[in-house]
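Trainee: Data file run_2.cif (mmCIF, N, CA and C atoms) is appended below.
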```cif
data_final
#
loop_
_atom_site.label_atom_id
_atom_site.label_comp_id
_atom_site.auth_asym_id
_atom_site.auth_seq_id
_atom_site.Cartn_x
_atom_site.Cartn_y
_atom_site.Cartn_z
N MET A 1 51.47 -71.94 -25.98
CA MET A 1 52.03 -71.17 -24.90
C MET A 1 51.98 -69.69 -25.23
N LYS A 2 52.32 -69.33 -26.48
CA LYS A 2 52.25 -67.94 -26.88
C LYS A 2 50.83 -67.42 -26.75
N LYS A 3 49.87 -68.28 -27.11
CA LYS A 3 48.47 -67.86 -27.02
C LYS A 3 48.09 -67.61 -25.56
N LEU A 4 48.58 -68.41 -24.66
CA LEU A 4 48.27 -68.26 -23.24
C LEU A 4 48.89 -66.98 -22.69
N ILE A 5 50.11 -66.67 -23.05
CA ILE A 5 50.77 -65.44 -22.61
C ILE A 5 50.04 -64.22 -23.18
N PHE A 6 49.67 -64.32 -24.48
CA PHE A 6 48.96 -63.23 -25.13
C PHE A 6 47.61 -63.01 -24.45
N ALA A 7 46.91 -64.08 -24.11
CA ALA A 7 45.61 -63.98 -23.44
C ALA A 7 45.78 -63.37 -22.05
N ALA A 8 46.83 -63.73 -21.34
CA ALA A 8 47.08 -63.18 -20.00
C ALA A 8 47.39 -61.69 -20.09
N ILE A 9 48.17 -61.32 -21.10
CA ILE A 9 48.50 -59.90 -21.29
C ILE A 9 47.24 -59.12 -21.66
N ALA A 10 46.43 -59.69 -22.55
CA ALA A 10 45.19 -59.04 -22.97
C ALA A 10 44.23 -58.89 -21.79
N ALA A 11 44.11 -59.95 -20.99
CA ALA A 11 43.23 -59.89 -19.82
C ALA A 11 43.74 -58.85 -18.83
N SER A 12 45.03 -58.79 -18.61
CA SER A 12 45.60 -57.79 -17.71
C SER A 12 45.35 -56.39 -18.23
N ALA A 13 45.50 -56.23 -19.53
CA ALA A 13 45.26 -54.91 -20.13
C ALA A 13 43.81 -54.50 -19.95
N LEU A 14 42.89 -55.44 -20.13
CA LEU A 14 41.46 -55.13 -19.95
C LEU A 14 41.16 -54.77 -18.49
N VAL A 15 41.74 -55.51 -17.57
CA VAL A 15 41.52 -55.23 -16.16
C VAL A 15 42.07 -53.86 -15.80
N LEU A 16 43.29 -53.58 -16.27
CA LEU A 16 43.88 -52.28 -16.00
C LEU A 16 43.08 -51.15 -16.65
N ALA A 17 42.61 -51.38 -17.85
CA ALA A 17 41.81 -50.36 -18.54
C ALA A 17 40.51 -50.12 -17.80
N GLY A 18 39.92 -51.19 -17.32
CA GLY A 18 38.68 -51.06 -16.55
C GLY A 18 38.92 -50.29 -15.27
N CYS A 19 39.99 -50.55 -14.59
CA CYS A 19 40.31 -49.81 -13.37
C CYS A 19 40.63 -48.37 -13.69
N SER A 20 41.34 -48.17 -14.75
CA SER A 20 41.72 -46.83 -15.13
C SER A 20 40.50 -45.99 -15.47
N ASP A 21 39.54 -46.55 -16.18
CA ASP A 21 38.33 -45.81 -16.55
C ASP A 21 37.54 -45.42 -15.31
N SER A 22 37.40 -46.33 -14.37
CA SER A 22 36.61 -46.00 -13.18
C SER A 22 37.35 -44.98 -12.32
N ASP A 23 38.68 -45.09 -12.25
CA ASP A 23 39.44 -44.11 -11.49
C ASP A 23 39.36 -42.75 -12.16
N THR A 24 39.47 -42.74 -13.47
CA THR A 24 39.39 -41.48 -14.21
C THR A 24 38.00 -40.88 -14.06
N GLY A 25 36.98 -41.73 -14.11
CA GLY A 25 35.61 -41.25 -13.95
C GLY A 25 35.42 -40.65 -12.57
N SER A 26 35.91 -41.32 -11.55
CA SER A 26 35.79 -40.80 -10.19
C SER A 26 36.56 -39.51 -10.04
N ALA A 27 37.75 -39.45 -10.61
CA ALA A 27 38.56 -38.23 -10.54
C ALA A 27 37.86 -37.11 -11.29
N ALA A 28 37.29 -37.42 -12.44
CA ALA A 28 36.58 -36.41 -13.22
C ALA A 28 35.35 -35.92 -12.47
N ASP A 29 34.63 -36.85 -11.85
CA ASP A 29 33.45 -36.46 -11.06
C ASP A 29 33.85 -35.57 -9.89
N SER A 30 34.94 -35.92 -9.22
CA SER A 30 35.42 -35.13 -8.09
C SER A 30 35.85 -33.74 -8.56
N ALA A 31 36.54 -33.69 -9.67
CA ALA A 31 37.00 -32.40 -10.20
C ALA A 31 35.81 -31.54 -10.62
N THR A 32 34.82 -32.16 -11.26
CA THR A 32 33.62 -31.42 -11.66
C THR A 32 32.88 -30.90 -10.45
N SER A 33 32.76 -31.73 -9.44
CA SER A 33 32.09 -31.32 -8.20
C SER A 33 32.84 -30.17 -7.53
N ALA A 34 34.16 -30.28 -7.48
CA ALA A 34 34.95 -29.21 -6.87
C ALA A 34 34.83 -27.92 -7.67
N ALA A 35 34.83 -28.03 -8.99
CA ALA A 35 34.69 -26.84 -9.84
C ALA A 35 33.32 -26.20 -9.65
N ASN A 36 32.29 -27.02 -9.57
CA ASN A 36 30.93 -26.49 -9.35
C ASN A 36 30.84 -25.80 -7.99
N ASN A 37 31.42 -26.40 -6.96
CA ASN A 37 31.41 -25.78 -5.63
C ASN A 37 32.17 -24.46 -5.64
N ALA A 38 33.31 -24.43 -6.32
CA ALA A 38 34.09 -23.20 -6.39
C ALA A 38 33.31 -22.12 -7.14
N ALA A 39 32.64 -22.51 -8.22
CA ALA A 39 31.83 -21.54 -8.98
C ALA A 39 30.68 -21.02 -8.13
N ASP A 40 30.06 -21.90 -7.36
CA ASP A 40 28.98 -21.46 -6.46
C ASP A 40 29.51 -20.47 -5.43
N ASP A 41 30.69 -20.76 -4.87
CA ASP A 41 31.29 -19.87 -3.87
C ASP A 41 31.62 -18.51 -4.48
N ILE A 42 32.16 -18.52 -5.69
CA ILE A 42 32.51 -17.26 -6.36
C ILE A 42 31.24 -16.48 -6.68
N GLY A 43 30.21 -17.17 -7.16
CA GLY A 43 28.94 -16.51 -7.46
C GLY A 43 28.32 -15.91 -6.23
N SER A 44 28.37 -16.63 -5.12
CA SER A 44 27.82 -16.13 -3.87
C SER A 44 28.59 -14.91 -3.38
N ALA A 45 29.90 -14.97 -3.47
CA ALA A 45 30.73 -13.83 -3.05
C ALA A 45 30.47 -12.62 -3.94
N ALA A 46 30.32 -12.84 -5.23
CA ALA A 46 30.05 -11.73 -6.15
C ALA A 46 28.69 -11.12 -5.86
N SER A 47 27.71 -11.95 -5.57
CA SER A 47 26.38 -11.45 -5.23
C SER A 47 26.41 -10.62 -3.96
N LYS A 48 27.13 -11.10 -2.95
CA LYS A 48 27.25 -10.35 -1.69
C LYS A 48 27.96 -9.02 -1.92
N ALA A 49 28.99 -9.03 -2.75
CA ALA A 49 29.72 -7.80 -3.04
C ALA A 49 28.83 -6.80 -3.77
N ALA A 50 28.04 -7.29 -4.71
CA ALA A 50 27.13 -6.41 -5.44
C ALA A 50 26.07 -5.83 -4.51
N ASP A 51 25.55 -6.65 -3.61
CA ASP A 51 24.57 -6.16 -2.63
C ASP A 51 25.19 -5.07 -1.76
N SER A 52 26.42 -5.31 -1.30
CA SER A 52 27.10 -4.33 -0.45
C SER A 52 27.33 -3.03 -1.20
N ALA A 53 27.74 -3.14 -2.46
CA ALA A 53 27.97 -1.94 -3.26
C ALA A 53 26.67 -1.18 -3.48
N GLY A 54 25.60 -1.92 -3.74
CA GLY A 54 24.29 -1.29 -3.92
C GLY A 54 23.82 -0.59 -2.66
N ASN A 55 24.01 -1.24 -1.52
CA ASN A 55 23.63 -0.63 -0.25
C ASN A 55 24.46 0.61 0.04
N ALA A 56 25.75 0.54 -0.26
CA ALA A 56 26.62 1.70 -0.02
C ALA A 56 26.20 2.87 -0.90
N ALA A 57 25.88 2.59 -2.16
CA ALA A 57 25.44 3.65 -3.06
C ALA A 57 24.13 4.26 -2.58
N SER A 58 23.22 3.43 -2.14
CA SER A 58 21.94 3.92 -1.63
C SER A 58 22.14 4.77 -0.39
N ASN A 59 22.98 4.31 0.52
CA ASN A 59 23.26 5.07 1.74
C ASN A 59 23.91 6.41 1.42
N THR A 60 24.81 6.42 0.44
CA THR A 60 25.47 7.65 0.03
C THR A 60 24.47 8.62 -0.57
N ARG A 61 23.58 8.12 -1.42
CA ARG A 61 22.55 8.95 -2.03
C ARG A 61 21.64 9.54 -0.95
N ASP A 62 21.21 8.71 -0.01
CA ASP A 62 20.33 9.17 1.07
C ASP A 62 21.02 10.25 1.90
N ALA A 63 22.29 10.02 2.24
CA ALA A 63 23.03 11.00 3.04
C ALA A 63 23.18 12.32 2.29
N GLY A 64 23.45 12.23 0.99
CA GLY A 64 23.57 13.44 0.18
C GLY A 64 22.27 14.20 0.09
N PHE A 65 21.17 13.46 -0.03
CA PHE A 65 19.84 14.08 -0.10
C PHE A 65 19.53 14.81 1.20
N VAL A 66 19.74 14.15 2.32
CA VAL A 66 19.47 14.76 3.62
C VAL A 66 20.37 15.98 3.83
N ALA A 67 21.63 15.89 3.42
CA ALA A 67 22.54 17.03 3.54
C ALA A 67 22.07 18.20 2.69
N ALA A 68 21.62 17.91 1.47
CA ALA A 68 21.12 18.97 0.60
C ALA A 68 19.89 19.65 1.21
N LEU A 69 19.01 18.86 1.81
CA LEU A 69 17.85 19.44 2.48
C LEU A 69 18.28 20.34 3.64
N GLY A 70 19.31 19.93 4.35
CA GLY A 70 19.82 20.73 5.45
C GLY A 70 20.35 22.07 4.98
N VAL A 71 21.12 22.06 3.90
CA VAL A 71 21.68 23.28 3.35
C VAL A 71 20.56 24.22 2.90
N ALA A 72 19.50 23.66 2.33
CA ALA A 72 18.39 24.47 1.82
C ALA A 72 17.34 24.77 2.90
N ASN A 73 17.62 24.39 4.13
CA ASN A 73 16.69 24.59 5.24
C ASN A 73 15.33 23.94 4.95
N LEU A 74 15.36 22.71 4.47
CA LEU A 74 14.14 21.99 4.12
C LEU A 74 13.95 20.71 4.94
N LYS A 75 14.71 20.56 6.01
CA LYS A 75 14.61 19.33 6.80
C LYS A 75 13.32 19.29 7.60
N PHE A 76 12.82 18.08 7.79
CA PHE A 76 11.68 17.83 8.67
C PHE A 76 11.79 16.39 9.16
N GLY A 77 11.23 16.10 10.29
CA GLY A 77 11.23 14.73 10.80
C GLY A 77 12.61 14.12 10.84
N SER A 78 12.63 12.80 10.74
CA SER A 78 13.91 12.07 10.75
C SER A 78 14.45 11.95 9.33
N ASP A 79 15.70 11.53 9.23
CA ASP A 79 16.29 11.30 7.91
C ASP A 79 15.48 10.29 7.13
N ASP A 80 15.06 9.22 7.80
CA ASP A 80 14.26 8.19 7.14
C ASP A 80 12.92 8.75 6.66
N ASP A 81 12.33 9.66 7.42
CA ASP A 81 11.07 10.29 7.00
C ASP A 81 11.25 11.07 5.70
N MET A 82 12.34 11.81 5.64
CA MET A 82 12.59 12.62 4.44
C MET A 82 12.87 11.75 3.22
N VAL A 83 13.65 10.70 3.40
CA VAL A 83 13.93 9.78 2.29
C VAL A 83 12.66 9.08 1.84
N SER A 84 11.86 8.65 2.78
CA SER A 84 10.60 7.99 2.45
C SER A 84 9.67 8.94 1.69
N GLU A 85 9.60 10.18 2.13
CA GLU A 85 8.76 11.17 1.46
C GLU A 85 9.25 11.43 0.04
N ALA A 86 10.57 11.46 -0.14
CA ALA A 86 11.13 11.66 -1.48
C ALA A 86 10.72 10.51 -2.41
N LYS A 87 10.76 9.32 -1.90
CA LYS A 87 10.36 8.16 -2.70
C LYS A 87 8.87 8.20 -3.01
N ASP A 88 8.07 8.67 -2.07
CA ASP A 88 6.63 8.83 -2.32
C ASP A 88 6.38 9.87 -3.40
N VAL A 89 7.12 10.98 -3.37
CA VAL A 89 7.01 12.02 -4.40
C VAL A 89 7.29 11.40 -5.77
N CYS A 90 8.31 10.58 -5.84
CA CYS A 90 8.66 9.94 -7.12
C CYS A 90 7.54 9.02 -7.60
N GLU A 91 6.94 8.31 -6.68
CA GLU A 91 5.81 7.45 -7.07
C GLU A 91 4.65 8.30 -7.61
N ASP A 92 4.41 9.46 -6.99
CA ASP A 92 3.37 10.36 -7.48
C ASP A 92 3.68 10.82 -8.90
N LEU A 93 4.93 11.20 -9.12
CA LEU A 93 5.34 11.67 -10.45
C LEU A 93 5.23 10.56 -11.49
N LYS A 94 5.68 9.38 -11.13
CA LYS A 94 5.59 8.24 -12.05
C LYS A 94 4.14 7.88 -12.33
N GLY A 95 3.27 8.18 -11.36
CA GLY A 95 1.84 7.91 -11.52
C GLY A 95 1.12 8.96 -12.35
N GLY A 96 1.84 9.98 -12.80
CA GLY A 96 1.23 10.97 -13.68
C GLY A 96 1.03 12.35 -13.09
N LYS A 97 1.34 12.54 -11.82
CA LYS A 97 1.17 13.87 -11.23
C LYS A 97 2.26 14.81 -11.72
N SER A 98 1.95 16.09 -11.70
CA SER A 98 2.94 17.11 -12.02
C SER A 98 3.79 17.38 -10.77
N ALA A 99 4.86 18.16 -10.95
CA ALA A 99 5.71 18.49 -9.81
C ALA A 99 4.93 19.29 -8.77
N SER A 100 4.09 20.20 -9.21
CA SER A 100 3.33 21.00 -8.23
C SER A 100 2.29 20.14 -7.52
N GLU A 101 1.72 19.17 -8.22
CA GLU A 101 0.77 18.25 -7.56
C GLU A 101 1.49 17.37 -6.54
N ALA A 102 2.69 16.92 -6.89
CA ALA A 102 3.48 16.12 -5.95
C ALA A 102 3.88 16.97 -4.74
N ALA A 103 4.19 18.24 -4.99
CA ALA A 103 4.56 19.15 -3.90
C ALA A 103 3.39 19.36 -2.95
N ASP A 104 2.17 19.33 -3.48
CA ASP A 104 0.99 19.50 -2.61
C ASP A 104 0.94 18.43 -1.52
N SER A 105 1.43 17.24 -1.84
CA SER A 105 1.39 16.17 -0.85
C SER A 105 2.46 16.35 0.23
N VAL A 106 3.39 17.28 0.02
CA VAL A 106 4.48 17.53 0.97
C VAL A 106 4.27 18.83 1.74
N LYS A 107 3.36 19.67 1.28
CA LYS A 107 3.18 21.00 1.88
C LYS A 107 2.96 20.95 3.39
N ASP A 108 2.26 19.94 3.86
CA ASP A 108 1.97 19.87 5.30
C ASP A 108 3.26 19.76 6.12
N LYS A 109 4.32 19.26 5.53
CA LYS A 109 5.61 19.15 6.23
C LYS A 109 6.23 20.54 6.44
N TYR A 110 5.79 21.51 5.64
CA TYR A 110 6.35 22.86 5.65
C TYR A 110 5.30 23.92 6.00
N ASN A 111 4.35 23.56 6.85
CA ASN A 111 3.29 24.50 7.25
C ASN A 111 2.63 25.15 6.04
N ASP A 112 2.32 24.31 5.05
CA ASP A 112 1.63 24.73 3.82
C ASP A 112 2.42 25.73 2.97
N ASP A 113 3.74 25.75 3.12
CA ASP A 113 4.59 26.60 2.29
C ASP A 113 4.85 25.87 0.97
N ALA A 114 4.13 26.28 -0.09
CA ALA A 114 4.23 25.62 -1.40
C ALA A 114 5.62 25.75 -2.00
N GLY A 115 6.29 26.86 -1.73
CA GLY A 115 7.64 27.07 -2.27
C GLY A 115 8.63 26.06 -1.69
N LYS A 116 8.58 25.86 -0.39
CA LYS A 116 9.48 24.89 0.24
C LYS A 116 9.15 23.47 -0.23
N ALA A 117 7.85 23.19 -0.35
CA ALA A 117 7.45 21.85 -0.79
C ALA A 117 7.95 21.58 -2.21
N LEU A 118 7.85 22.58 -3.08
CA LEU A 118 8.34 22.42 -4.45
C LEU A 118 9.85 22.27 -4.47
N ASN A 119 10.55 22.99 -3.62
CA ASN A 119 12.01 22.83 -3.53
C ASN A 119 12.39 21.44 -3.04
N PHE A 120 11.58 20.88 -2.14
CA PHE A 120 11.80 19.50 -1.70
C PHE A 120 11.70 18.56 -2.90
N VAL A 121 10.66 18.74 -3.71
CA VAL A 121 10.46 17.90 -4.90
C VAL A 121 11.64 18.07 -5.84
N ARG A 122 12.08 19.31 -6.04
CA ARG A 122 13.20 19.58 -6.95
C ARG A 122 14.50 18.95 -6.45
N THR A 123 14.62 18.81 -5.16
CA THR A 123 15.81 18.16 -4.59
C THR A 123 15.72 16.64 -4.70
N ALA A 124 14.52 16.11 -4.54
CA ALA A 124 14.32 14.65 -4.53
C ALA A 124 14.43 14.03 -5.91
N VAL A 125 13.86 14.69 -6.90
CA VAL A 125 13.72 14.06 -8.22
C VAL A 125 15.05 13.64 -8.84
N PRO A 126 16.07 14.50 -8.91
CA PRO A 126 17.32 14.05 -9.55
C PRO A 126 17.98 12.86 -8.86
N LEU A 127 17.75 12.74 -7.56
CA LEU A 127 18.40 11.66 -6.82
C LEU A 127 17.60 10.36 -6.81
N TYR A 128 16.30 10.45 -6.79
CA TYR A 128 15.47 9.25 -6.61
C TYR A 128 14.66 8.84 -7.83
N CYS A 129 14.43 9.76 -8.74
CA CYS A 129 13.68 9.40 -9.95
C CYS A 129 14.06 10.33 -11.10
N ALA A 130 15.30 10.24 -11.51
CA ALA A 130 15.84 11.13 -12.54
C ALA A 130 15.04 11.07 -13.84
N THR A 131 14.35 9.96 -14.08
CA THR A 131 13.55 9.86 -15.31
C THR A 131 12.38 10.83 -15.30
N GLU A 132 12.06 11.39 -14.13
CA GLU A 132 10.96 12.33 -14.01
C GLU A 132 11.41 13.79 -14.01
N THR A 133 12.69 14.03 -14.29
CA THR A 133 13.24 15.38 -14.25
C THR A 133 12.50 16.34 -15.17
N GLY A 134 12.02 15.86 -16.28
CA GLY A 134 11.29 16.70 -17.23
C GLY A 134 10.07 17.34 -16.61
N LYS A 135 9.51 16.74 -15.58
CA LYS A 135 8.32 17.32 -14.93
C LYS A 135 8.66 18.50 -14.04
N LEU A 136 9.94 18.75 -13.80
CA LEU A 136 10.35 19.89 -13.00
C LEU A 136 10.34 21.19 -13.81
N ILE A 137 10.31 21.05 -15.10
CA ILE A 137 10.31 22.21 -16.00
C ILE A 137 8.86 22.54 -16.35
N GLY A 138 8.50 23.77 -16.20
CA GLY A 138 7.16 24.18 -16.64
C GLY A 138 6.15 24.32 -15.60
#
```
Taking this structure as input, can you express it in the form of structure tokens?

Mentor:
Amino acid sequence: MKKLIFAAIAASALVLAGCSDSDTGSAADSATSAANNAADDIGSAASKAADSAGNAASNTRDAGFVAALGVANLKFGSDDDMVSEAKDVCEDLKGGKSASEAADSVKDKYNDDAGKALNFVRTAVPLYCATETGKLIG
């Protein structure tokens, strides 16, 4: 009789342990899934915030550049035209051109006034390609 009671208790313990393991496994899987989803949501929100911050910084830089051109009486075309031209100047400089050579590509915007074109380059470089600042000297 003791053996039968012991066997019944052992069998019950095994059944309960088996149920407990599967419940724990399901709970662990659910928790892992929820944690992964939360991490994905946080990562997505962080990425969106970084994109927004980057766009805001770019917009601020562009607005500052256009304002500086206005103060120096160097505006031409639309704001987008001036920003695009500044980026083109930077590509010229990165490609090996000197500041005066880069200014030559902008002279037509200023009725061939080399001085204004060079001032445009001097205004663009610190904002859009600071690594090329050394080319402004000399």

Trainee: With a distance cut-off of 9 Å and only C-alpha atoms, select the neighbouring residues of stretch 63-71 of chain A, excluding the residue or stretch itself and same-chain residues fewer than 2 positions from it, and output the selection as a list in words.

Mentor: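 Listing them by chain and then by number gives Ser58, Asn59, Thr60, Arg61, Asn73, Leu74, Lys75, Phe76, Asp79, Met82, Val83, Phe120, Thr123, Ala124 and Leu127 of chain A.
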
Trainee: Which distance in Å separates atom N of A:Ala72 and atom N of A:Glu85, to one decimal?

Mentor: 16.7 Å

Trainee: Of the candidates A:Asp62, A:Glu132, A:Thr32, A:Ser26, which shows the shortest atom-to-atom distance to A:Lys94, using only N, CA and C atoms?

Mentor: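 Selected residue with least distance to A:Lys94: A:Glu132.
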
Trainee: Run the PyMOL selection byres ((chain A and resi 90) around 8) against the file shown and list the residues it catches, as an MDAnalysis selection string.

Mentor: chainID A and resid 84:89 91:96 102 121 124:125 128:130 132

Trainee: Give me, please, the distance in Å between atom CA of A:Ala117 and atom C of A:Thr131, quoted to one decimal.

Mentor: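 Distance between the two atoms: 18.9 Å.
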
Trainee: So what do you get for atom CA of A:Asp108 versus atom C of A:Lys135, distance-wise?

Mentor: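 Distance reported for this atom pair: 20.5 Å.
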
Trainee: Dig up all the protein and nucleic acid residues within 8 Å of (5.8, 21.6, -3.3) in the file frame, using only N, CA and C atoms, and format them as a ChimeraX atom specification.

Mentor: /A:99-107,113-122
